[in-house]
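For reference, work-v4.tsv (TSV, C-alpha atoms):
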```
chain	number	residue	atom	x	y	z
A	1	MET	CA	11.23	54.93	-60.70
A	2	SER	CA	13.41	51.94	-60.14
A	3	THR	CA	13.42	49.22	-62.74
A	4	LEU	CA	13.53	46.63	-60.05
A	5	THR	CA	10.14	45.12	-59.55
A	6	ALA	CA	9.15	44.81	-55.99
A	7	THR	CA	8.29	41.33	-55.03
A	8	ALA	CA	5.86	40.70	-52.33
A	9	GLU	CA	7.57	39.25	-49.33
A	10	GLU	CA	6.10	36.03	-48.15
A	11	PRO	CA	4.98	36.25	-44.54
A	12	ARG	CA	7.22	34.52	-42.12
A	13	THR	CA	5.56	31.66	-40.36
A	14	THR	CA	6.80	30.20	-37.12
A	15	PRO	CA	6.42	26.50	-36.62
A	16	ALA	CA	3.38	25.73	-34.54
A	17	ARG	CA	4.11	24.41	-31.09
A	18	PRO	CA	2.73	20.96	-30.50
A	19	ALA	CA	-0.39	20.98	-28.40
A	20	TYR	CA	0.16	18.97	-25.24
A	21	ARG	CA	-2.94	17.88	-23.42
A	22	VAL	CA	-3.12	16.69	-19.85
A	23	THR	CA	-4.51	13.18	-20.06
A	24	GLY	CA	-4.91	10.45	-17.49
A	25	ARG	CA	-2.31	8.30	-19.22
A	26	ARG	CA	0.27	11.08	-19.16
A	27	VAL	CA	-0.37	11.86	-15.50
A	28	LEU	CA	0.05	8.16	-14.69
A	29	ALA	CA	3.29	8.06	-16.66
A	30	SER	CA	4.56	11.13	-14.83
A	31	GLU	CA	3.80	9.66	-11.41
A	32	TRP	CA	5.40	6.36	-12.45
A	33	ALA	CA	8.60	8.17	-13.45
A	34	LYS	CA	8.67	10.22	-10.24
A	35	LEU	CA	8.15	7.13	-8.08
A	36	TRP	CA	11.10	5.21	-9.53
A	37	SER	CA	13.39	8.24	-9.62
A	38	LEU	CA	13.57	8.27	-5.81
A	39	ARG	CA	16.21	6.21	-4.06
A	40	SER	CA	13.87	5.78	-1.09
A	41	THR	CA	11.46	3.86	-3.33
A	42	TRP	CA	13.98	1.13	-4.08
A	43	ILE	CA	15.19	0.95	-0.48
A	44	THR	CA	11.76	0.87	1.16
A	45	LEU	CA	10.25	-1.59	-1.32
A	46	GLY	CA	13.28	-3.81	-0.80
A	47	LEU	CA	12.78	-3.63	2.97
A	48	GLY	CA	9.08	-4.47	2.62
A	49	LEU	CA	9.90	-7.51	0.50
A	50	LEU	CA	12.68	-8.51	2.88
A	51	PHE	CA	10.43	-8.23	5.94
A	52	LEU	CA	7.72	-10.30	4.32
A	53	VAL	CA	10.03	-13.11	3.22
A	54	ALA	CA	12.58	-13.09	6.06
A	55	PHE	CA	10.09	-13.08	8.95
A	56	GLY	CA	8.05	-15.76	7.22
A	57	LEU	CA	11.09	-18.01	6.95
A	58	ILE	CA	12.15	-17.25	10.52
A	59	SER	CA	8.73	-18.17	11.91
A	60	ALA	CA	8.64	-21.37	9.84
A	61	SER	CA	12.12	-22.32	11.07
A	62	ARG	CA	11.12	-21.66	14.67
A	63	TYR	CA	8.04	-23.85	14.28
A	64	LYS	CA	10.15	-26.63	12.77
A	65	SER	CA	12.70	-26.45	15.58
A	66	GLY	CA	9.88	-26.58	18.15
A	67	ILE	CA	8.48	-29.72	16.52
A	68	ASP	CA	11.90	-31.37	16.42
A	69	SER	CA	12.77	-30.50	20.02
A	70	GLY	CA	9.33	-31.33	21.44
A	71	HIS	CA	9.03	-27.94	23.12
A	72	MET	CA	6.49	-26.09	21.01
A	73	ASP	CA	5.68	-22.49	21.89
A	74	ARG	CA	1.96	-22.09	22.58
A	75	ASP	CA	1.78	-19.17	20.14
A	76	PHE	CA	2.85	-21.53	17.33
A	77	ALA	CA	0.85	-24.57	18.36
A	78	ASP	CA	-2.00	-24.06	15.89
A	79	SER	CA	0.06	-22.50	13.12
A	80	THR	CA	-0.18	-23.46	9.46
A	81	ALA	CA	2.22	-22.99	6.60
A	82	VAL	CA	0.11	-20.00	5.50
A	83	SER	CA	0.09	-18.22	8.87
A	84	LEU	CA	3.81	-18.87	9.32
A	85	SER	CA	4.68	-17.62	5.83
A	86	LEU	CA	2.59	-14.45	6.24
A	87	PHE	CA	3.98	-13.66	9.69
A	88	GLY	CA	5.96	-10.77	8.23
A	89	THR	CA	2.88	-9.01	6.85
A	90	ASN	CA	2.63	-6.74	9.90
A	91	PHE	CA	6.21	-5.57	9.34
A	92	ALA	CA	5.87	-5.21	5.57
A	93	GLN	CA	2.76	-3.08	5.96
A	94	LEU	CA	4.77	-0.45	7.83
A	95	ALA	CA	7.40	-0.22	5.10
A	96	LEU	CA	4.83	0.03	2.30
A	97	GLY	CA	2.54	2.37	4.22
A	98	VAL	CA	5.40	4.71	5.13
A	99	LEU	CA	6.55	4.82	1.51
A	100	GLY	CA	2.99	5.66	0.48
A	101	VAL	CA	3.04	8.64	2.85
A	102	LEU	CA	6.36	9.76	1.39
A	103	VAL	CA	4.98	9.59	-2.16
A	104	THR	CA	2.58	12.48	-1.45
A	105	ALA	CA	3.76	14.24	1.71
A	106	GLY	CA	7.32	14.30	0.39
A	107	GLU	CA	6.23	16.58	-2.45
A	108	TYR	CA	4.70	19.00	0.03
A	109	SER	CA	7.86	19.11	2.14
A	110	THR	CA	10.07	19.82	-0.88
A	111	GLY	CA	7.65	22.18	-2.63
A	112	LEU	CA	7.49	20.00	-5.74
A	113	ILE	CA	3.73	19.79	-5.36
A	114	ARG	CA	3.41	23.37	-6.72
A	115	SER	CA	5.04	22.37	-9.99
A	116	THR	CA	2.95	19.21	-10.16
A	117	LEU	CA	-0.34	21.06	-9.73
A	118	ALA	CA	0.73	23.81	-12.14
A	119	VAL	CA	1.00	21.14	-14.83
A	120	VAL	CA	-2.20	19.37	-13.73
A	121	PRO	CA	-4.42	22.22	-12.53
A	122	ARG	CA	-7.45	19.98	-12.00
A	123	ARG	CA	-5.53	18.49	-9.05
A	124	LEU	CA	-7.56	15.35	-8.38
A	125	PRO	CA	-6.04	13.33	-11.26
A	126	VAL	CA	-2.71	13.72	-9.44
A	127	LEU	CA	-4.10	12.01	-6.34
A	128	TRP	CA	-5.81	9.24	-8.31
A	129	SER	CA	-2.63	8.61	-10.31
A	130	LYS	CA	-0.39	8.49	-7.25
A	131	ALA	CA	-2.77	6.11	-5.47
A	132	THR	CA	-3.12	3.87	-8.54
A	133	VAL	CA	0.59	3.69	-9.34
A	134	PHE	CA	1.80	3.06	-5.83
A	135	GLY	CA	-1.13	0.80	-4.96
A	136	LEU	CA	-0.30	-1.48	-7.88
A	137	VAL	CA	3.41	-1.50	-6.98
A	138	ALA	CA	2.62	-2.38	-3.36
A	139	LEU	CA	0.17	-5.05	-4.56
A	140	VAL	CA	2.84	-6.70	-6.71
A	141	VAL	CA	5.45	-6.56	-3.94
A	142	GLY	CA	2.99	-8.06	-1.46
A	143	MET	CA	1.94	-10.90	-3.74
A	144	VAL	CA	5.49	-11.74	-4.81
A	145	GLY	CA	6.71	-11.69	-1.22
A	146	GLY	CA	3.77	-13.77	0.01
A	147	PHE	CA	4.17	-16.48	-2.62
A	148	VAL	CA	7.96	-16.62	-2.20
A	149	ALA	CA	7.65	-16.87	1.60
A	150	PHE	CA	5.03	-19.60	1.28
A	151	GLN	CA	7.04	-21.55	-1.26
A	152	PHE	CA	10.11	-21.72	0.97
A	153	GLY	CA	8.21	-21.79	4.25
A	154	SER	CA	6.08	-24.77	3.21
A	155	GLY	CA	9.28	-26.60	2.33
A	156	ILE	CA	10.68	-25.94	5.81
A	157	VAL	CA	7.57	-27.26	7.61
A	158	SER	CA	7.10	-30.19	5.23
A	159	GLY	CA	6.22	-33.35	7.14
A	160	THR	CA	4.80	-31.43	10.13
A	161	PRO	CA	1.14	-30.79	11.08
A	162	ALA	CA	1.49	-27.28	9.59
A	163	ALA	CA	2.41	-28.55	6.11
A	164	MET	CA	0.21	-27.27	3.29
A	165	SER	CA	0.38	-26.74	-0.45
A	166	LEU	CA	-1.25	-24.34	-2.88
A	167	SER	CA	-3.89	-26.95	-3.65
A	168	HIS	CA	-5.23	-26.88	-0.07
A	169	ALA	CA	-8.52	-25.06	0.41
A	170	GLY	CA	-8.09	-21.37	1.19
A	171	VAL	CA	-4.33	-21.17	0.62
A	172	LEU	CA	-4.44	-19.32	-2.69
A	173	ARG	CA	-7.14	-16.99	-1.39
A	174	SER	CA	-5.04	-16.16	1.68
A	175	LEU	CA	-1.91	-15.37	-0.33
A	176	LEU	CA	-3.84	-13.19	-2.79
A	177	GLY	CA	-5.63	-11.52	0.12
A	178	ALA	CA	-2.32	-10.64	1.79
A	179	GLY	CA	-1.07	-9.01	-1.39
A	180	LEU	CA	-4.31	-7.07	-1.82
A	181	TYR	CA	-4.17	-5.95	1.81
A	182	LEU	CA	-0.64	-4.58	1.42
A	183	GLY	CA	-1.64	-2.84	-1.80
A	184	LEU	CA	-4.53	-1.09	-0.04
A	185	VAL	CA	-2.25	-0.15	2.87
A	186	GLY	CA	-0.04	1.60	0.33
A	187	VAL	CA	-3.08	3.49	-1.01
A	188	ILE	CA	-4.03	4.55	2.53
A	189	GLY	CA	-0.48	5.80	3.05
A	190	VAL	CA	-0.74	7.90	-0.13
A	191	ALA	CA	-4.08	9.30	1.06
A	192	LEU	CA	-2.79	10.16	4.54
A	193	GLY	CA	0.22	11.94	3.06
A	194	ALA	CA	-2.06	14.07	0.86
A	195	LEU	CA	-4.54	14.68	3.66
A	196	LEU	CA	-2.07	15.72	6.38
A	197	ARG	CA	0.67	17.09	4.06
A	198	SER	CA	3.27	16.09	6.63
A	199	VAL	CA	5.57	13.10	6.56
A	200	ALA	CA	5.73	12.84	10.34
A	201	GLY	CA	1.98	13.34	10.75
A	202	GLY	CA	1.07	10.82	8.06
A	203	ILE	CA	3.38	8.15	9.46
A	204	SER	CA	2.11	8.76	13.00
A	205	VAL	CA	-1.54	8.34	11.99
A	206	LEU	CA	-0.70	5.26	9.92
A	207	VAL	CA	1.13	3.55	12.78
A	208	ALA	CA	-1.61	4.49	15.24
A	209	ALA	CA	-4.37	3.12	13.00
A	210	LEU	CA	-2.63	-0.15	12.19
A	211	MET	CA	-0.83	-0.94	15.44
A	212	LEU	CA	-1.56	1.30	18.43
A	213	ILE	CA	-5.36	1.53	18.36
A	214	PRO	CA	-5.87	-2.29	18.22
A	215	GLY	CA	-3.70	-2.58	21.32
A	216	LEU	CA	-5.71	0.06	23.15
A	217	VAL	CA	-9.02	-1.53	22.13
A	218	SER	CA	-7.87	-4.79	23.74
A	219	LEU	CA	-8.06	-2.98	27.10
A	220	LEU	CA	-11.79	-2.34	26.71
A	221	PRO	CA	-14.42	-4.61	28.32
A	222	SER	CA	-14.93	-7.78	26.32
A	223	SER	CA	-18.52	-6.88	25.37
A	224	TRP	CA	-17.33	-3.65	23.74
A	225	ARG	CA	-14.17	-5.16	22.30
A	226	ASP	CA	-15.95	-7.99	20.49
A	227	ASP	CA	-18.37	-5.55	18.84
A	228	PHE	CA	-15.82	-2.92	17.85
A	229	SER	CA	-12.52	-4.71	17.28
A	230	PRO	CA	-13.34	-6.64	14.05
A	231	TYR	CA	-14.02	-3.39	12.20
A	232	LEU	CA	-10.66	-1.77	12.94
A	233	PRO	CA	-8.51	-1.38	9.81
A	234	SER	CA	-5.82	-3.86	10.84
A	235	ASN	CA	-8.27	-6.52	12.08
A	236	ALA	CA	-10.50	-6.19	9.02
A	237	GLY	CA	-7.42	-6.43	6.82
A	238	GLU	CA	-6.12	-9.47	8.67
A	239	SER	CA	-9.41	-11.29	8.07
A	240	MET	CA	-8.76	-10.88	4.33
A	241	PHE	CA	-5.84	-13.31	4.44
A	242	ALA	CA	-6.54	-15.38	7.55
A	243	LEU	CA	-6.98	-19.05	6.71
A	244	THR	CA	-9.48	-19.71	9.51
A	245	HIS	CA	-12.08	-17.47	11.14
A	246	ASP	CA	-14.09	-17.52	14.35
A	247	SER	CA	-17.04	-15.62	15.80
A	248	THR	CA	-14.86	-12.65	16.78
A	249	SER	CA	-13.51	-12.02	13.26
A	250	LEU	CA	-15.03	-11.05	9.93
A	251	SER	CA	-15.26	-13.29	6.91
A	252	PRO	CA	-12.76	-12.60	4.08
A	253	GLY	CA	-15.42	-10.86	1.98
A	254	ALA	CA	-16.70	-8.74	4.86
A	255	GLY	CA	-13.14	-7.87	5.88
A	256	LEU	CA	-12.35	-6.74	2.34
A	257	LEU	CA	-15.49	-4.59	2.24
A	258	VAL	CA	-14.68	-2.93	5.58
A	259	PHE	CA	-11.08	-2.28	4.59
A	260	LEU	CA	-12.20	-0.82	1.26
A	261	CYS	CA	-14.45	1.54	3.21
A	262	TRP	CA	-11.49	2.70	5.32
A	263	THR	CA	-9.46	3.20	2.15
A	264	ALA	CA	-12.26	5.18	0.50
A	265	LEU	CA	-12.62	7.31	3.64
A	266	ALA	CA	-8.92	8.22	3.60
A	267	LEU	CA	-8.97	8.95	-0.15
A	268	GLY	CA	-12.15	11.00	0.20
A	269	GLY	CA	-10.61	13.19	2.90
A	270	ALA	CA	-7.45	13.67	0.86
A	271	ALA	CA	-9.46	14.56	-2.27
A	272	TYR	CA	-11.57	17.07	-0.38
A	273	ARG	CA	-8.58	18.90	1.07
A	274	LEU	CA	-6.66	18.83	-2.21
A	275	ALA	CA	-9.61	20.32	-4.11
A	276	ARG	CA	-10.67	22.86	-1.50
A	277	THR	CA	-7.44	24.26	-0.01
A	278	ASP	CA	-4.29	25.86	-1.35
A	279	VAL	CA	-0.98	24.04	-1.42
```
Will you turn the file into structure tokens for me?
Amino acid sequence: MSTLTATAEEPRTTPARPAYRVTGRRVLASEWAKLWSLRSTWITLGLGLLFLVAFGLISASRYKSGIDSGHMDRDFADSTAVSLSLFGTNFAQLALGVLGVLVTAGEYSTGLIRSTLAVVPRRLPVLWSKATVFGLVALVVGMVGGFVAFQFGSGIVSGTPAAMSLSHAGVLRSLLGAGLYLGLVGVIGVALGALLRSVAGGISVLVAALMLIPGLVSLLPSSWRDDFSPYLPSNAGESMFALTHDSTSLSPGAGLLVFLCWTALALGGAAYRLARTDV
């Protein structure tokens, strides 16, 4: 028998792996990082901001030149500093809406969506996070662009019948409404990208809903057009930031409610397909 006493070996323990839980905050942080890692994000957001500011300044300059020359274009006759400054909203909405489509449909085209849903198997938090992150970014871009365009545009038309300041009734509401409208357009773009899972298809539906369908509705008989036109997405959204309203347009509150319904409809369709079908 050996004189060496056998010592009991201590069991080897491996360090416990940290337990990572999928939380809403972490999903939001992940979508935030993915959004800003794309070069297209910086380019498209820059274009949206440029469209909003540049076209606002161009329209204000054209109005000023018409006043000075005495040959005012009829389309600008009743313009205000707000309407002139927000002239580029229709162009900015395309840039922000298209980028929203790319945020979701781009992952389907590259196959990255499989990795995303493997990490977040419940799926729907991915959609809510993408919509929240990009909606807030589009909201900030829209508000910054609107206020910058108004600040410089009101200086250009100073001393003319269109001159206004932030203290005038309805001006602040219009500028905030334009930013909110662009933010919701971004959310609709995200929803369409997730619903159709195609960049081309999402952009086509977005352009049709915001620009083509209102033009086609204008060809309908006036009795039908007046009843149907105010509830189209683009017309309801425009009433959110229009300074004045008439009998053929919705009030700002009603326009916001209608546009929120369109946004919820797009998000609901995207959520249903994401939860029910394979990627």
Which residues of region 15-84 of chain A come within 12 Å of region 179-190 of chain A, and what is each one's closest atom pair and distance in Å (one decimal), counting all atoms listed in the file, sorted by chain and residue number, as a tab-separated table?
```
residue	atom	partner	partner_atom	distance
A:Leu35	CA	A:Val190	CA	12.0
A:Thr44	CA	A:Gly186	CA	11.9
A:Leu45	CA	A:Gly186	CA	10.9
A:Gly48	CA	A:Leu182	CA	9.8
A:Leu49	CA	A:Leu182	CA	11.0
A:Leu52	CA	A:Leu182	CA	10.5
```
Across A:Ser218, A:Ser174, A:Thr80, A:Gln151, the smallest distance to Leu256 (chain A), with all atoms listed in the file counted, is shown by A:Ser174
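Shortest separation to Val140 (chain A) among A:Leu220, A:Ala163, A:Leu96, A:Met211 occurs at residue A:Leu96, atoms counted being only C-alpha atoms.
Around the point (-9.0, -3.3, 5.0), within 7 Å and counting only C-alpha atoms, we find these residues: Tyr181, Pro233, Ser234, Ala236, Gly237, Gly255, Leu256, Val258, Phe259, Leu260 and Trp262 of chain A.
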Write the residues you've just listed into a file as a tab-separated table (two decimals), in the frame of the given file, and include C-alpha atoms for each of them.
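Ended up saving to selection-v8.tsv:
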```tsv
chain	number	residue	atom	x	y	z
A	181	TYR	CA	-4.17	-5.95	1.81
A	233	PRO	CA	-8.51	-1.38	9.81
A	234	SER	CA	-5.82	-3.86	10.84
A	236	ALA	CA	-10.50	-6.19	9.02
A	237	GLY	CA	-7.42	-6.43	6.82
A	255	GLY	CA	-13.14	-7.87	5.88
A	256	LEU	CA	-12.35	-6.74	2.34
A	258	VAL	CA	-14.68	-2.93	5.58
A	259	PHE	CA	-11.08	-2.28	4.59
A	260	LEU	CA	-12.20	-0.82	1.26
A	262	TRP	CA	-11.49	2.70	5.32
```
Pairwise distance, CA of Leu28 (chain A) with CA of Cys261 (chain A), equals 24.0 Å
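Residue nearest Gly253 (chain A) within the list A:Gly145, A:Glu107, A:Asp278, A:Gly177: A:Gly177 [criterion: smallest interatomic distance, only C-alpha atoms].
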note - CA of Met240 (chain A) and CA of Ala92 (chain A) are separated by 15.7 Å
What separates CA of Phe51 (chain A) and CA of Gly88 (chain A) is a distance of 5.6 Å
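Among the candidates A:Ile156, A:Leu124, A:Ala254, A:Leu172, the one nearest to Ala275 (chain A) when counting all atoms listed in the file is A:Leu124.
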task = Excluding Ala149 (chain A) and any residue of its chain fewer than 4 positions from it, enumerate the residues within 9 Å of it, using all atoms listed in the file, and give them as a list of chain:residue names.
result = A:Leu52, A:Val53, A:Ala54, A:Phe55, A:Gly56, A:Leu57, A:Leu84, A:Ser85, A:Leu86, A:Val144, A:Gly145, A:Gly153, A:Ser154
In terms of all atoms listed in the file, the residue from A:Gln93, A:Phe76, A:Ala105, A:Ile67 at minimal distance from Gly202 (chain A) is A:Ala105
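Near Tyr63 (chain A), within 9 Å and counting all atoms listed in the file, sit Ile58, Ser59, Ala60, Ser61, Ser65, Gly66, Ile67, Asp68, Met72, Asp73, Phe76, Ala77, Ser79, Leu84, Val157 and Ala162 of chain A, not including residues fewer than 2 positions from it in the same chain.
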Could you model N, CA, C and O atoms for region 227-244 of chain A and present them as a PDB file, in the frame of the given file?
```pdb
ATOM      1  N   ASP A 227     -17.517  -6.245  19.808  1.00  0.00           N
ATOM      2  CA  ASP A 227     -18.370  -5.550  18.840  1.00  0.00           C
ATOM      3  C   ASP A 227     -17.599  -4.565  17.984  1.00  0.00           C
ATOM      4  O   ASP A 227     -17.973  -4.324  16.831  1.00  0.00           O
ATOM      5  N   PHE A 228     -16.536  -4.005  18.531  1.00  0.00           N
ATOM      6  CA  PHE A 228     -15.820  -2.920  17.850  1.00  0.00           C
ATOM      7  C   PHE A 228     -14.551  -3.387  17.152  1.00  0.00           C
ATOM      8  O   PHE A 228     -14.216  -2.927  16.055  1.00  0.00           O
ATOM      9  N   SER A 229     -13.843  -4.316  17.758  1.00  0.00           N
ATOM     10  CA  SER A 229     -12.520  -4.710  17.280  1.00  0.00           C
ATOM     11  C   SER A 229     -12.493  -5.250  15.853  1.00  0.00           C
ATOM     12  O   SER A 229     -11.583  -4.910  15.092  1.00  0.00           O
ATOM     13  N   PRO A 230     -13.443  -6.089  15.416  1.00  0.00           N
ATOM     14  CA  PRO A 230     -13.340  -6.640  14.050  1.00  0.00           C
ATOM     15  C   PRO A 230     -13.364  -5.604  12.946  1.00  0.00           C
ATOM     16  O   PRO A 230     -12.927  -5.884  11.825  1.00  0.00           O
ATOM     17  N   TYR A 231     -13.873  -4.401  13.238  1.00  0.00           N
ATOM     18  CA  TYR A 231     -14.020  -3.390  12.200  1.00  0.00           C
ATOM     19  C   TYR A 231     -12.855  -2.397  12.167  1.00  0.00           C
ATOM     20  O   TYR A 231     -12.878  -1.465  11.354  1.00  0.00           O
ATOM     21  N   LEU A 232     -11.868  -2.592  13.023  1.00  0.00           N
ATOM     22  CA  LEU A 232     -10.660  -1.770  12.940  1.00  0.00           C
ATOM     23  C   LEU A 232      -9.915  -2.093  11.653  1.00  0.00           C
ATOM     24  O   LEU A 232      -9.985  -3.218  11.145  1.00  0.00           O
ATOM     25  N   PRO A 233      -9.184  -1.129  11.096  1.00  0.00           N
ATOM     26  CA  PRO A 233      -8.510  -1.380   9.810  1.00  0.00           C
ATOM     27  C   PRO A 233      -7.613  -2.606   9.808  1.00  0.00           C
ATOM     28  O   PRO A 233      -7.673  -3.438   8.894  1.00  0.00           O
ATOM     29  N   SER A 234      -6.769  -2.741  10.831  1.00  0.00           N
ATOM     30  CA  SER A 234      -5.820  -3.860  10.840  1.00  0.00           C
ATOM     31  C   SER A 234      -6.527  -5.193  11.007  1.00  0.00           C
ATOM     32  O   SER A 234      -6.167  -6.190  10.358  1.00  0.00           O
ATOM     33  N   ASN A 235      -7.557  -5.255  11.863  1.00  0.00           N
ATOM     34  CA  ASN A 235      -8.270  -6.520  12.080  1.00  0.00           C
ATOM     35  C   ASN A 235      -9.110  -6.898  10.867  1.00  0.00           C
ATOM     36  O   ASN A 235      -9.188  -8.077  10.492  1.00  0.00           O
ATOM     37  N   ALA A 236      -9.745  -5.902  10.243  1.00  0.00           N
ATOM     38  CA  ALA A 236     -10.500  -6.190   9.020  1.00  0.00           C
ATOM     39  C   ALA A 236      -9.567  -6.652   7.915  1.00  0.00           C
ATOM     40  O   ALA A 236      -9.878  -7.575   7.149  1.00  0.00           O
ATOM     41  N   GLY A 237      -8.391  -6.015   7.823  1.00  0.00           N
ATOM     42  CA  GLY A 237      -7.420  -6.430   6.820  1.00  0.00           C
ATOM     43  C   GLY A 237      -6.882  -7.822   7.078  1.00  0.00           C
ATOM     44  O   GLY A 237      -6.686  -8.606   6.139  1.00  0.00           O
ATOM     45  N   GLU A 238      -6.645  -8.138   8.343  1.00  0.00           N
ATOM     46  CA  GLU A 238      -6.120  -9.470   8.670  1.00  0.00           C
ATOM     47  C   GLU A 238      -7.112 -10.566   8.305  1.00  0.00           C
ATOM     48  O   GLU A 238      -6.719 -11.663   7.896  1.00  0.00           O
ATOM     49  N   SER A 239      -8.403 -10.280   8.428  1.00  0.00           N
ATOM     50  CA  SER A 239      -9.410 -11.290   8.070  1.00  0.00           C
ATOM     51  C   SER A 239      -9.412 -11.560   6.567  1.00  0.00           C
ATOM     52  O   SER A 239      -9.924 -12.592   6.131  1.00  0.00           O
ATOM     53  N   MET A 240      -8.824 -10.659   5.770  1.00  0.00           N
ATOM     54  CA  MET A 240      -8.760 -10.880   4.330  1.00  0.00           C
ATOM     55  C   MET A 240      -7.846 -12.040   3.969  1.00  0.00           C
ATOM     56  O   MET A 240      -8.069 -12.722   2.964  1.00  0.00           O
ATOM     57  N   PHE A 241      -6.786 -12.252   4.780  1.00  0.00           N
ATOM     58  CA  PHE A 241      -5.840 -13.310   4.440  1.00  0.00           C
ATOM     59  C   PHE A 241      -5.714 -14.381   5.509  1.00  0.00           C
ATOM     60  O   PHE A 241      -4.869 -15.279   5.394  1.00  0.00           O
ATOM     61  N   ALA A 242      -6.549 -14.320   6.548  1.00  0.00           N
ATOM     62  CA  ALA A 242      -6.540 -15.380   7.550  1.00  0.00           C
ATOM     63  C   ALA A 242      -7.134 -16.658   6.961  1.00  0.00           C
ATOM     64  O   ALA A 242      -8.137 -16.610   6.240  1.00  0.00           O
ATOM     65  N   LEU A 243      -6.520 -17.783   7.270  1.00  0.00           N
ATOM     66  CA  LEU A 243      -6.980 -19.050   6.710  1.00  0.00           C
ATOM     67  C   LEU A 243      -8.236 -19.552   7.426  1.00  0.00           C
ATOM     68  O   LEU A 243      -9.116 -20.156   6.815  1.00  0.00           O
ATOM     69  N   THR A 244      -8.321 -19.298   8.725  1.00  0.00           N
ATOM     70  CA  THR A 244      -9.480 -19.710   9.510  1.00  0.00           C
ATOM     71  C   THR A 244     -10.087 -18.492  10.192  1.00  0.00           C
ATOM     72  O   THR A 244      -9.400 -17.499  10.444  1.00  0.00           O
TER      73      THR A 244
END
```
